[in-house]
file coords.csv (CSV, C-alpha atoms (C1' of nucleotides))
chain,number,residue,atom,x,y,z
A,646,MET,CA,-14.2,-9.8,12.7
A,647,PRO,CA,-10.8,-10.0,11.0
A,648,LYS,CA,-10.6,-13.0,8.9
A,649,ASN,CA,-6.9,-13.3,9.6
A,650,SER,CA,-6.3,-14.8,6.1
A,651,ASN,CA,-2.9,-16.1,5.5
A,652,PHE,CA,-2.1,-13.3,3.2
A,653,PHE,CA,-2.8,-10.6,5.8
A,654,LEU,CA,-0.9,-12.5,8.5
A,655,ASP,CA,2.1,-12.7,6.1
A,656,VAL,CA,1.8,-9.0,5.4
A,657,TYR,CA,1.9,-8.2,9.1
A,658,ASP,CA,4.8,-10.5,9.7
A,659,VAL,CA,6.8,-8.9,7.0
A,660,VAL,CA,6.0,-5.4,8.1
A,661,ARG,CA,7.0,-6.3,11.7
A,662,CYS,CA,10.3,-7.4,10.3
A,663,ILE,CA,11.1,-4.0,9.0
A,664,PRO,CA,14.1,-2.8,11.1
A,665,TYR,CA,14.1,0.4,13.1
A,666,GLY,CA,14.8,3.4,10.9
A,667,ARG,CA,14.0,1.6,7.7
A,668,VAL,CA,11.0,1.7,5.4
A,669,SER,CA,9.5,-0.6,2.8
A,670,SER,CA,6.8,-0.3,0.1
A,671,TYR,CA,3.5,-2.0,-0.5
A,672,GLY,CA,4.8,-3.4,-3.8
A,673,ALA,CA,7.9,-4.8,-2.2
A,674,ILE,CA,5.9,-6.6,0.4
A,675,GLY,CA,3.5,-7.9,-2.2
A,676,ALA,CA,6.4,-9.0,-4.3
A,677,TYR,CA,7.8,-10.9,-1.4
A,678,LEU,CA,4.5,-12.6,-0.9
A,679,GLY,CA,4.2,-13.4,-4.6
A,680,THR,CA,1.3,-11.0,-5.2
A,681,VAL,CA,3.0,-8.0,-6.8
A,682,LYS,CA,-0.2,-6.8,-8.4
A,683,SER,CA,-2.0,-6.9,-5.1
A,684,ALA,CA,-0.2,-4.0,-3.6
A,685,ARG,CA,-3.7,-2.6,-2.7
A,686,MET,CA,-4.4,-5.5,-0.5
A,687,VAL,CA,-1.2,-4.7,1.4
A,688,GLY,CA,-2.6,-1.3,2.0
A,689,TRP,CA,-5.9,-2.8,2.9
A,690,ALA,CA,-4.2,-5.1,5.4
A,691,MET,CA,-2.5,-2.0,7.0
A,692,ASN,CA,-6.0,-0.6,7.5
A,693,GLN,CA,-6.8,-3.5,9.8
A,694,ALA,CA,-3.3,-3.4,11.3
A,695,HIS,CA,-4.4,-0.6,13.6
A,696,ASN,CA,-6.0,-2.8,16.2
A,697,LEU,CA,-3.6,-5.7,16.0
A,698,SER,CA,-1.3,-6.8,18.7
A,699,PRO,CA,1.6,-6.7,18.6
A,700,PRO,CA,1.2,-3.4,16.8
A,701,VAL,CA,2.3,-3.3,13.2
A,702,PRO,CA,4.7,-0.4,12.3
A,703,ALA,CA,2.6,0.7,9.4
A,704,HIS,CA,4.4,4.0,9.3
A,705,ARG,CA,7.4,2.2,7.9
A,706,VAL,CA,5.3,1.2,4.8
A,707,VAL,CA,5.0,3.8,2.1
A,708,ASN,CA,4.4,3.7,-1.6
A,709,ARG,CA,7.1,3.1,-4.2
A,710,ASN,CA,8.0,6.8,-4.4
A,711,GLY,CA,8.5,7.1,-0.6
A,712,LEU,CA,5.4,9.2,-0.4
A,713,LEU,CA,3.4,8.9,2.8
A,714,THR,CA,0.1,8.1,1.1
A,715,GLY,CA,-1.4,6.5,4.2
A,716,LYS,CA,-0.7,9.3,6.6
A,717,ASN,CA,-4.4,10.3,6.6
A,718,HIS,CA,-5.3,6.9,8.1
A,719,PHE,CA,-3.3,7.4,11.2
A,720,SER,CA,-4.6,9.0,14.4
A,721,THR,CA,-3.4,12.3,13.1
A,722,PRO,CA,-2.2,13.2,9.6
A,723,THR,CA,1.2,14.2,11.0
A,724,ARG,CA,1.6,11.1,13.2
A,725,MET,CA,3.3,9.1,10.4
A,726,HIS,CA,5.7,11.9,9.6
A,727,GLU,CA,6.5,12.3,13.2
A,728,LEU,CA,7.2,8.6,13.8
A,729,LEU,CA,9.5,8.4,10.8
A,730,THR,CA,11.4,11.5,11.7
A,731,ASN,CA,11.7,10.2,15.2
A,732,GLU,CA,13.4,7.1,13.7
A,733,GLY,CA,15.9,9.2,11.9
A,734,VAL,CA,14.2,9.1,8.5
A,735,GLN,CA,14.2,12.4,6.7
A,736,VAL,CA,10.7,13.3,5.6
A,737,ILE,CA,9.9,16.5,3.8
A,738,ASN,CA,6.5,17.4,2.4
A,739,ASP,CA,5.2,13.9,3.1
A,740,GLN,CA,8.0,12.4,1.1
A,741,ILE,CA,11.0,10.4,2.2
A,742,ILE,CA,14.4,11.9,1.3
A,743,ASN,CA,17.1,9.5,0.2
A,744,LEU,CA,14.6,6.7,0.0
A,745,GLU,CA,17.2,4.3,-1.4
A,746,GLU,CA,19.2,4.8,1.8
A,747,TYR,CA,16.4,3.8,4.1
A,748,PHE,CA,14.5,1.4,1.8
A,749,TRP,CA,14.3,-2.1,3.1
A,750,ASP,CA,13.4,-4.9,0.7
A,751,PRO,CA,12.2,-8.2,2.4
A,752,GLN,CA,13.7,-10.1,-0.5
A,753,ASP,CA,17.0,-8.6,0.3
A,754,HIS,CA,17.1,-10.0,3.8
A,755,LEU,CA,15.0,-13.2,3.0
A,756,GLN,CA,14.3,-13.4,6.7
A,757,CYS,CA,14.4,-11.4,10.0
B,1468,DT,C1',-27.0,-10.1,-4.5
B,1469,DT,C1',-24.5,-6.3,-7.3
B,1470,DC,C1',-21.8,-2.0,-7.4
B,1471,DC,C1',-18.3,1.1,-5.8
B,1472,DT,C1',-14.2,2.4,-3.5
B,1473,DG,C1',-9.4,2.1,-2.1
B,1474,DA,C1',-2.8,3.1,2.6
B,1475,DC,C1',-0.7,0.6,-5.1
B,1476,DT,C1',1.8,-0.2,-9.3
B,1477,DC,C1',2.7,-0.9,-14.1
B,1478,DC,C1',2.3,0.2,-18.9
B,1479,DA,C1',0.7,2.5,-23.0
B,1480,DG,C1',-0.2,6.8,-25.4
C,1053,DC,C1',6.9,14.6,-18.9
C,1054,DC,C1',2.1,13.8,-17.7
C,1055,DT,C1',-2.4,11.3,-17.8
C,1056,DG,C1',-5.3,7.5,-17.9
C,1057,DG,C1',-6.7,2.7,-17.8
C,1058,DA,C1',-6.2,-2.0,-16.1
C,1059,DG,C1',-5.1,-5.5,-12.7
C,1060,DC,C1',-5.6,-6.9,-8.0
C,1061,DC,C1',-9.3,-8.4,-4.1
C,1062,DA,C1',-11.5,-7.4,0.4
C,1063,DG,C1',-15.5,-4.9,2.5
C,1064,DG,C1',-19.2,-1.7,3.0
C,1065,DA,C1',-23.7,0.2,1.2
call {"tool": "encode", "arguments": {"input": "coords.csv", "output": "structure tokens"}}
result
Amino acid sequence: MPKNSNFFLDVYDVVRCIPYGRVSSYGAIGAYLGTVKSARMVGWAMNQAHNLSPPVPAHRVVNRNGLLTGKNHFSTPTRMHELLTNEGVQVINDQIINLEEYFWDPQDHLQC
DNA sequence: TTCCTGACTCCAG
DNA sequence: CCTGGAGCCAGGA
């Protein structure tokens, strides 16, 4: 059923490259792939990422404000928050604290 | 087939 | 400072 289009695979690849305890944004991933204005597609890709293997750490992907906009799409609304907190990321009221400290831009690393 | 929605972001008013 | 519209494109009804 998944089309596995190149774009989606690239998204998954980038997300899987996000280090432990770090987070990234849809826009940053889109920018890395050259489709800045397609941030929605990144989110859409995450929607399919649930059944993929190896699993994609979708909880490390948030919007540009560090807000856990996708928490509702996890098994439980608190799952995303719990996972991030478990990795040492401070999250309060569904928002990441000190986002700049945890933010990971794929363009910064250029590779895993 | 068309129409609508959405885990986003930017820009104008 | 806050609000709304546009761009993006894949799927479901």
call {"tool": "interface_residues", "arguments": {"input": "coords.csv", "of": "chain A", "to": "chain C", "cutoff": "12 Å", "atoms": "all atoms listed in the file", "output": "NGL selection string"}}
result
:A and (646-650 or 652-653 or 672 or 675 or 680-690 or 692-693)
call {"tool": "write_last_selection", "arguments": {"input": "coords.csv", "atoms": "C-alpha atoms", "output": "compact mmCIF listing (two decimals), keeping the file's coordinate frame"}}
result
# COMPACT_ATOMS: atom_id res chain seq x y z
CA MET A 646 -14.20 -9.80 12.70
CA PRO A 647 -10.80 -10.00 11.00
CA LYS A 648 -10.60 -13.00 8.90
CA ASN A 649 -6.90 -13.30 9.60
CA SER A 650 -6.30 -14.80 6.10
CA PHE A 652 -2.10 -13.30 3.20
CA PHE A 653 -2.80 -10.60 5.80
CA GLY A 672 4.80 -3.40 -3.80
CA GLY A 675 3.50 -7.90 -2.20
CA THR A 680 1.30 -11.00 -5.20
CA VAL A 681 3.00 -8.00 -6.80
CA LYS A 682 -0.20 -6.80 -8.40
CA SER A 683 -2.00 -6.90 -5.10
CA ALA A 684 -0.20 -4.00 -3.60
CA ARG A 685 -3.70 -2.60 -2.70
CA MET A 686 -4.40 -5.50 -0.50
CA VAL A 687 -1.20 -4.70 1.40
CA GLY A 688 -2.60 -1.30 2.00
CA TRP A 689 -5.90 -2.80 2.90
CA ALA A 690 -4.20 -5.10 5.40
CA ASN A 692 -6.00 -0.60 7.50
CA GLN A 693 -6.80 -3.50 9.80
call {"tool": "interface_residues", "arguments": {"input": "coords.csv", "of": "chain B", "to": "chain A", "cutoff": "7 Å", "atoms": "all atoms listed in the file", "output": "ChimeraX atom specification"}}
result
/B:1474-1476
call {"tool": "atom_distance", "arguments": {"input": "coords.csv", "atom1": "atom CA of A:Pro722", "atom2": "atom CA of A:Gln735"}}
result
16.7 Å
call {"tool": "atom_distance", "arguments": {"input": "coords.csv", "atom1": "atom CA of A:Tyr677", "atom2": "atom CA of A:Asp753"}}
result
9.6 Å
call {"tool": "atom_distance", "arguments": {"input": "coords.csv", "atom1": "atom CA of A:Gly666", "atom2": "atom CA of A:Val734"}}
result
6.2 Å
call {"tool": "residues_around", "arguments": {"input": "coords.csv", "residues": "A:Pro702", "least_positions_apart": "5", "cutoff": "9 Å", "atoms": "all atoms listed in the file", "output": "list in words"}}
result
Tyr657, Val660, Arg661, Ile663 and Ala694 of chain A
call {"tool": "decode", "arguments": {"input": "coords.csv", "residues": "stretch 1468-1479 of chain B", "atoms": "N, CA and C atoms (P, O5', C5', C4', C3', O3' and C1' of nucleotides)", "output": "PDB file, in the first residue's frame"}}
result
ATOM      1  P    DT B1468      -8.719  10.931 -13.528  1.00  0.00           P
ATOM      2  O5'  DT B1468     -10.201  11.405 -13.196  1.00  0.00           O
ATOM      3  C5'  DT B1468     -11.115  11.742 -14.247  1.00  0.00           C
ATOM      4  C4'  DT B1468     -12.309  12.446 -13.612  1.00  0.00           C
ATOM      5  C3'  DT B1468     -11.877  13.529 -12.622  1.00  0.00           C
ATOM      6  O3'  DT B1468     -11.929  14.774 -13.261  1.00  0.00           O
ATOM      7  C1'  DT B1468     -13.467  12.027 -11.630  1.00  0.00           C
ATOM      8  P    DT B1469     -11.280  16.109 -12.608  1.00  0.00           P
ATOM      9  O5'  DT B1469     -12.250  16.503 -11.404  1.00  0.00           O
ATOM     10  C5'  DT B1469     -13.624  16.736 -11.668  1.00  0.00           C
ATOM     11  C4'  DT B1469     -14.356  16.992 -10.359  1.00  0.00           C
ATOM     12  C3'  DT B1469     -13.761  18.153  -9.559  1.00  0.00           C
ATOM     13  O3'  DT B1469     -14.821  18.898  -8.965  1.00  0.00           O
ATOM     14  C1'  DT B1469     -13.684  16.170  -8.260  1.00  0.00           C
ATOM     15  P    DC B1470     -14.469  20.306  -8.200  1.00  0.00           P
ATOM     16  O5'  DC B1470     -14.477  19.849  -6.670  1.00  0.00           O
ATOM     17  C5'  DC B1470     -15.633  19.211  -6.161  1.00  0.00           C
ATOM     18  C4'  DC B1470     -15.482  18.975  -4.669  1.00  0.00           C
ATOM     19  C3'  DC B1470     -14.788  20.103  -3.916  1.00  0.00           C
ATOM     20  O3'  DC B1470     -15.444  20.332  -2.687  1.00  0.00           O
ATOM     21  C1'  DC B1470     -13.596  18.079  -3.599  1.00  0.00           C
ATOM     22  P    DC B1471     -14.894  21.507  -1.685  1.00  0.00           P
ATOM     23  O5'  DC B1471     -14.220  20.643  -0.525  1.00  0.00           O
ATOM     24  C5'  DC B1471     -14.934  19.544   0.039  1.00  0.00           C
ATOM     25  C4'  DC B1471     -14.079  18.885   1.101  1.00  0.00           C
ATOM     26  C3'  DC B1471     -13.336  19.870   1.989  1.00  0.00           C
ATOM     27  O3'  DC B1471     -13.526  19.522   3.345  1.00  0.00           O
ATOM     28  C1'  DC B1471     -11.818  18.322   1.025  1.00  0.00           C
ATOM     29  P    DT B1472     -13.030  20.565   4.507  1.00  0.00           P
ATOM     30  O5'  DT B1472     -11.810  19.745   5.138  1.00  0.00           O
ATOM     31  C5'  DT B1472     -11.992  18.383   5.520  1.00  0.00           C
ATOM     32  C4'  DT B1472     -10.632  17.735   5.721  1.00  0.00           C
ATOM     33  C3'  DT B1472      -9.683  18.544   6.592  1.00  0.00           C
ATOM     34  O3'  DT B1472      -9.368  17.807   7.769  1.00  0.00           O
ATOM     35  C1'  DT B1472      -8.600  17.707   4.638  1.00  0.00           C
ATOM     36  P    DG B1473      -8.774  18.559   9.043  1.00  0.00           P
ATOM     37  O5'  DG B1473      -7.225  18.130   8.927  1.00  0.00           O
ATOM     38  C5'  DG B1473      -6.864  16.756   8.939  1.00  0.00           C
ATOM     39  C4'  DG B1473      -5.418  16.643   8.514  1.00  0.00           C
ATOM     40  C3'  DG B1473      -4.485  17.580   9.279  1.00  0.00           C
ATOM     41  O3'  DG B1473      -3.400  16.869   9.866  1.00  0.00           O
ATOM     42  C1'  DG B1473      -4.186  17.793   6.928  1.00  0.00           C
ATOM     43  P    DA B1474      -3.604  16.961  11.492  1.00  0.00           P
ATOM     44  O5'  DA B1474      -2.061  16.846  11.820  1.00  0.00           O
ATOM     45  C5'  DA B1474      -1.451  17.167  12.947  1.00  0.00           C
ATOM     46  C4'  DA B1474       0.034  17.175  12.744  1.00  0.00           C
ATOM     47  C3'  DA B1474       0.609  17.603  11.398  1.00  0.00           C
ATOM     48  O3'  DA B1474       1.474  18.686  11.608  1.00  0.00           O
ATOM     49  C1'  DA B1474       1.710  15.688  12.214  1.00  0.00           C
ATOM     50  P    DC B1475       0.898  20.186  11.352  1.00  0.00           P
ATOM     51  O5'  DC B1475       1.992  20.697  10.315  1.00  0.00           O
ATOM     52  C5'  DC B1475       3.281  20.107  10.254  1.00  0.00           C
ATOM     53  C4'  DC B1475       4.187  21.036   9.470  1.00  0.00           C
ATOM     54  C3'  DC B1475       4.623  22.258  10.264  1.00  0.00           C
ATOM     55  O3'  DC B1475       5.997  22.510  10.017  1.00  0.00           O
ATOM     56  C1'  DC B1475       3.506  22.933   8.301  1.00  0.00           C
ATOM     57  P    DT B1476       6.716  23.701  10.891  1.00  0.00           P
ATOM     58  O5'  DT B1476       6.685  24.893   9.828  1.00  0.00           O
ATOM     59  C5'  DT B1476       7.142  24.613   8.515  1.00  0.00           C
ATOM     60  C4'  DT B1476       7.049  25.860   7.644  1.00  0.00           C
ATOM     61  C3'  DT B1476       7.428  27.159   8.362  1.00  0.00           C
ATOM     62  O3'  DT B1476       8.449  27.800   7.626  1.00  0.00           O
ATOM     63  C1'  DT B1476       5.353  27.386   7.231  1.00  0.00           C
ATOM     64  P    DC B1477       9.070  29.180   8.140  1.00  0.00           P
ATOM     65  O5'  DC B1477       8.469  30.207   7.072  1.00  0.00           O
ATOM     66  C5'  DC B1477       8.512  29.840   5.690  1.00  0.00           C
ATOM     67  C4'  DC B1477       7.739  30.846   4.869  1.00  0.00           C
ATOM     68  C3'  DC B1477       8.060  32.298   5.225  1.00  0.00           C
ATOM     69  O3'  DC B1477       8.257  33.047   4.043  1.00  0.00           O
ATOM     70  C1'  DC B1477       5.729  31.915   5.391  1.00  0.00           C
ATOM     71  P    DC B1478       8.867  34.531   4.162  1.00  0.00           P
ATOM     72  O5'  DC B1478       7.586  35.418   3.826  1.00  0.00           O
ATOM     73  C5'  DC B1478       6.712  35.002   2.774  1.00  0.00           C
ATOM     74  C4'  DC B1478       5.500  35.917   2.711  1.00  0.00           C
ATOM     75  C3'  DC B1478       5.793  37.356   3.135  1.00  0.00           C
ATOM     76  O3'  DC B1478       5.059  38.235   2.298  1.00  0.00           O
ATOM     77  C1'  DC B1478       4.091  36.484   4.484  1.00  0.00           C
ATOM     78  P    DA B1479       5.387  39.832   2.368  1.00  0.00           P
ATOM     79  O5'  DA B1479       3.885  40.376   2.432  1.00  0.00           O
ATOM     80  C5'  DA B1479       2.885  39.771   1.605  1.00  0.00           C
ATOM     81  C4'  DA B1479       1.496  40.129   2.124  1.00  0.00           C
ATOM     82  C3'  DA B1479       1.346  41.610   2.468  1.00  0.00           C
ATOM     83  O3'  DA B1479       0.038  42.045   2.109  1.00  0.00           O
ATOM     84  C1'  DA B1479       0.901  40.302   4.382  1.00  0.00           C
TER      85       DA B1479
END
